[in-house]
Amino acid sequence: MAKNTSLSTESYKGVRDFYPEDMAIQNYIFNTWKKTVEKFGYVEYTASILEPAELYRAKSGEEIVNEQTYTFVDRGDREVTLRPEMTPTVARLVAGKKRDLGFPLRWYSIPNVFRYERPQRGRLREHWQLNVDAFGVPGTEIDVEAITLAYEIMKAFGANDSDFGIKISSRKLLNAIFSTWYELDEQKSKALQKLIDKKKKMPEEVFAVEAEKIVGKPFSFLNTQSSEYQEAMAIPVIREAKEELDSIIETLNKRGIKNVEYDETLIRGFDYYTGTVFEVFDTNPENNRSLFGGGRYDELLALFGGESLPAFGFGMGDVTIRDFLETRNLLPKYTSSASYMICIMDKSATDYADQVAKELRNEGKNVCVNYSYKSIGDQIKSALKQSIQYCIVIGEDEVKNKTYTIKDLTKEA
Ligand code: HAM
């Protein structure tokens, strides 16, 4: 290596390093997720980060596959992708063992996933994502349960109902309207879906013009007061899809989840959704963004041959929830998992210090010994810097009398 060139200490663009304070937050988030989903009977699985690239081509959506995946060719000429999401993987796992598994099946995982996106607040190139998926329930009971679980996760983090909202919509309803009312083919339906997905980011007039281009006439369906909307509701498939959605909202309301509302512009990016879709969003006007979401995807498993299987799930990222908790002061204060530091005054006290450490460890305490032999003031400073709560100073007297005193550094002036 050439002289005077030093390596950067920066991480790769869009990914994070987790120093102990960050790791503690990560663990807190993961543990809260685990505790809550396990209460609903979900069990944990995982899989490799690497997947064959073709897994995502079939159903994930063009943007993800063409613009956002990390894909490379391995030494055996296979196209490999770092998973950008977990849903195709879990579908592959369940389809692969369908005969041996008991249904309804409830699985969860907390994988890291990679997307080549422009890094910005709430969007990175690597994030961890709680994935909660249930298989084998065709009825809306599971839609209600999954949304309830999403709500309970927010409550477990200490959020109030007014801190977040749940938007819900139905791909089934949209598809029925597109095909039955507007008689759009698949390509046009997809184009219109994409446009509706971006509706909130464009002026009303632009949306109206673009939608008319696709539909061939004014597209007024999103106005639930319009006469066209009312007429469309007379068509059985459309009406039934809307009634199904209404009944989910009603059931949630009845069970005390009131911050849920129909948002006719909610689409969600993936092509595999077939029914209810929902998204949880932050109500803070400064951070008015989606926190997480998911929905029903009843056809995805059919890609692996055999029959399809009803499926409903959601993905919740660690980046957006951390921002949410930080802005609301809902994160616990950091203290080190090492609770005790033993400070040694003189090298001759080392044996006894190690013995004390051993005794405390036997009692289940987490103990580190400071072997720097610096001044006690310096050693305590180091303990404070590391957020270690207790310190024990071992000197000549302690060795002689076989005693020690525990000092709580959080109570020191
Ligand atoms: P998604 O909406 O693409 O859905 O991602 C789910 C959540 O992951 C997002 O709402 C957000 O919290 C987080 N997320 C996504 N991309 C990023 C990013 N670039 N940086 C930080 N966080 C991000 C899915 O991935 C579906 N597979 C979820 C699902 C599971 N549907 C059914 N089962």
# chains A, B, ... in the order shown; residues from 1 in each chain; ligands from 1
>>> residues_near_ligand(ligand="ligand 1", cutoff="9 Å", atoms="only C-alpha atoms and all ligand atoms", output="PyMOL selection string")
chain A and resi 14+60+64+84-88+90+113-134+268-270+272-273+277+279-281+290-297+311-321
>>> residues_around(residues="stretch 18-24 of chain A", least_positions_apart="6", cutoff="10 Å", atoms="only C-alpha atoms", output="compact mmCIF listing (two decimals) with N, CA and C atoms, in the first residue's frame")
# COMPACT_ATOMS: atom_id res chain seq x y z
N PHE A 30 -36.21 -4.51 17.97
CA PHE A 30 -36.40 -5.93 17.62
C PHE A 30 -37.15 -6.67 18.75
N PRO A 332 -35.94 4.32 24.97
CA PRO A 332 -35.40 4.24 26.32
C PRO A 332 -33.99 4.85 26.37
N LYS A 333 -33.63 5.34 27.55
CA LYS A 333 -32.30 5.94 27.71
C LYS A 333 -31.26 4.82 27.64
N TYR A 334 -30.13 5.12 27.03
CA TYR A 334 -29.11 4.07 26.89
C TYR A 334 -28.34 3.84 28.19
N THR A 335 -28.23 2.58 28.61
CA THR A 335 -27.22 2.20 29.60
C THR A 335 -26.54 0.96 29.04
N SER A 336 -25.26 0.84 29.36
CA SER A 336 -24.49 -0.27 28.80
C SER A 336 -24.99 -1.60 29.36
N SER A 337 -24.86 -2.65 28.56
CA SER A 337 -25.21 -3.98 29.08
C SER A 337 -24.15 -4.43 30.08
N GLN A 386 -18.71 5.19 28.81
CA GLN A 386 -19.30 3.97 28.28
C GLN A 386 -20.71 3.71 28.84
N SER A 387 -21.22 4.66 29.61
CA SER A 387 -22.54 4.52 30.23
C SER A 387 -22.66 3.26 31.09
>>> atom_distance(atom1="atom CA of A:Asn401", atom2="atom CA of A:Val356")
12.9 Å
>>> residues_around(residues="A:Ile49", least_positions_apart="3", cutoff="8 Å", atoms="only C-alpha atoms", output="PyMOL selection string")
chain A and resi 82-83+111-113
>>> write_last_selection(atoms="C-alpha atoms", output="mmCIF file, in the first residue's frame")
data_model
loop_
_atom_site.group_PDB
_atom_site.id
_atom_site.type_symbol
_atom_site.label_atom_id
_atom_site.label_comp_id
_atom_site.auth_asym_id
_atom_site.auth_seq_id
_atom_site.Cartn_x
_atom_site.Cartn_y
_atom_site.Cartn_z
ATOM 1 C CA LEU A 82 -29.433 -9.287 -2.373
ATOM 2 C CA ARG A 83 -33.056 -9.572 -1.206
ATOM 3 C CA PRO A 111 -34.230 -9.727 7.867
ATOM 4 C CA ASN A 112 -31.967 -6.980 6.553
ATOM 5 C CA VAL A 113 -32.994 -6.066 3.019
#
>>> residues_around(residues="stretch 160-173 of chain A", least_positions_apart="6", cutoff="7 Å", atoms="only C-alpha atoms", output="compact mmCIF listing (two decimals) with C-alpha atoms, in the first residue's frame")
# COMPACT_ATOMS: atom_id res chain seq x y z
CA ILE A 238 -67.54 -3.60 -7.08
CA ALA A 241 -65.40 -5.45 -2.65
CA LYS A 242 -66.40 -2.13 -1.10
CA LEU A 245 -63.52 -3.18 2.98
CA ASN A 259 -57.62 5.70 13.84
CA VAL A 260 -58.26 3.75 10.66
CA GLU A 261 -59.73 5.24 7.50
CA TYR A 262 -60.36 4.36 3.87
CA ASP A 263 -57.88 6.04 1.55
CA GLU A 264 -58.94 5.45 -2.03
CA LEU A 266 -53.60 3.94 -1.34
CA TYR A 273 -51.25 -7.62 -3.69
CA THR A 274 -54.73 -8.89 -4.47
CA GLY A 275 -57.05 -7.60 -1.73
CA THR A 276 -56.88 -5.36 1.32
CA VAL A 277 -53.81 -3.13 1.49
CA PHE A 278 -52.96 -0.88 4.42
CA GLU A 279 -50.35 1.52 5.58
CA VAL A 280 -49.57 3.01 8.98
CA PHE A 281 -48.45 6.62 8.85
CA ASP A 282 -47.05 9.22 11.20
CA THR A 283 -49.56 12.01 11.96
CA ASN A 284 -46.84 14.51 12.84
>>> select_by_dssp(residues="stretch 68-237 of chain A", states="strand (DSSP E)", output="MDAnalysis selection string")
chainID A and resid 70:73 79:82 105:109 112:114 126:135 164:170
>>> select_by_dssp(residues="stretch 187-310 of chain A", states="helix (DSSP H, G or I)", output="number ranges by chain")
A: 187-197, 199-201, 204-215, 227-232, 236-254, 285-287, 300-304
>>> residues_around(residues="A:Ala191", least_positions_apart="6", cutoff="10 Å", atoms="only C-alpha atoms", output="JSON, numbers by chain")
{"A": [197, 210, 211, 214, 215]}
>>> write_last_selection(atoms="N, CA, C and O atoms", output="PDB file, in the first residue's frame")
ATOM      1  N   ASP A 197     -50.923   5.852  -7.372  1.00  0.00           N
ATOM      2  CA  ASP A 197     -49.904   5.727  -6.340  1.00  0.00           C
ATOM      3  C   ASP A 197     -49.137   7.048  -6.163  1.00  0.00           C
ATOM      4  O   ASP A 197     -48.710   7.398  -5.076  1.00  0.00           O
ATOM      5  N   GLU A 210     -53.568  13.081 -16.936  1.00  0.00           N
ATOM      6  CA  GLU A 210     -52.862  11.805 -17.136  1.00  0.00           C
ATOM      7  C   GLU A 210     -53.833  10.623 -17.019  1.00  0.00           C
ATOM      8  O   GLU A 210     -53.751   9.665 -17.775  1.00  0.00           O
ATOM      9  N   ALA A 211     -54.746  10.721 -16.044  1.00  0.00           N
ATOM     10  CA  ALA A 211     -55.696   9.622 -15.841  1.00  0.00           C
ATOM     11  C   ALA A 211     -56.623   9.492 -17.049  1.00  0.00           C
ATOM     12  O   ALA A 211     -56.906   8.393 -17.515  1.00  0.00           O
ATOM     13  N   ILE A 214     -55.165   7.590 -19.896  1.00  0.00           N
ATOM     14  CA  ILE A 214     -55.159   6.124 -19.746  1.00  0.00           C
ATOM     15  C   ILE A 214     -56.564   5.558 -19.909  1.00  0.00           C
ATOM     16  O   ILE A 214     -56.794   4.587 -20.624  1.00  0.00           O
ATOM     17  N   VAL A 215     -57.520   6.214 -19.253  1.00  0.00           N
ATOM     18  CA  VAL A 215     -58.882   5.676 -19.184  1.00  0.00           C
ATOM     19  C   VAL A 215     -59.685   5.938 -20.471  1.00  0.00           C
ATOM     20  O   VAL A 215     -60.580   5.174 -20.834  1.00  0.00           O
TER      21      VAL A 215
END
>>> closest_residue(among="A:Leu325, A:Leu55, A:Ile110, A:Ala47", to="A:Ala159", atoms="only C-alpha atoms")
A:Leu325
>>> closest_residue(among="A:Leu309, A:Leu330, A:Ile344, A:Val367", to="A:Val94", atoms="only C-alpha atoms")
A:Leu309
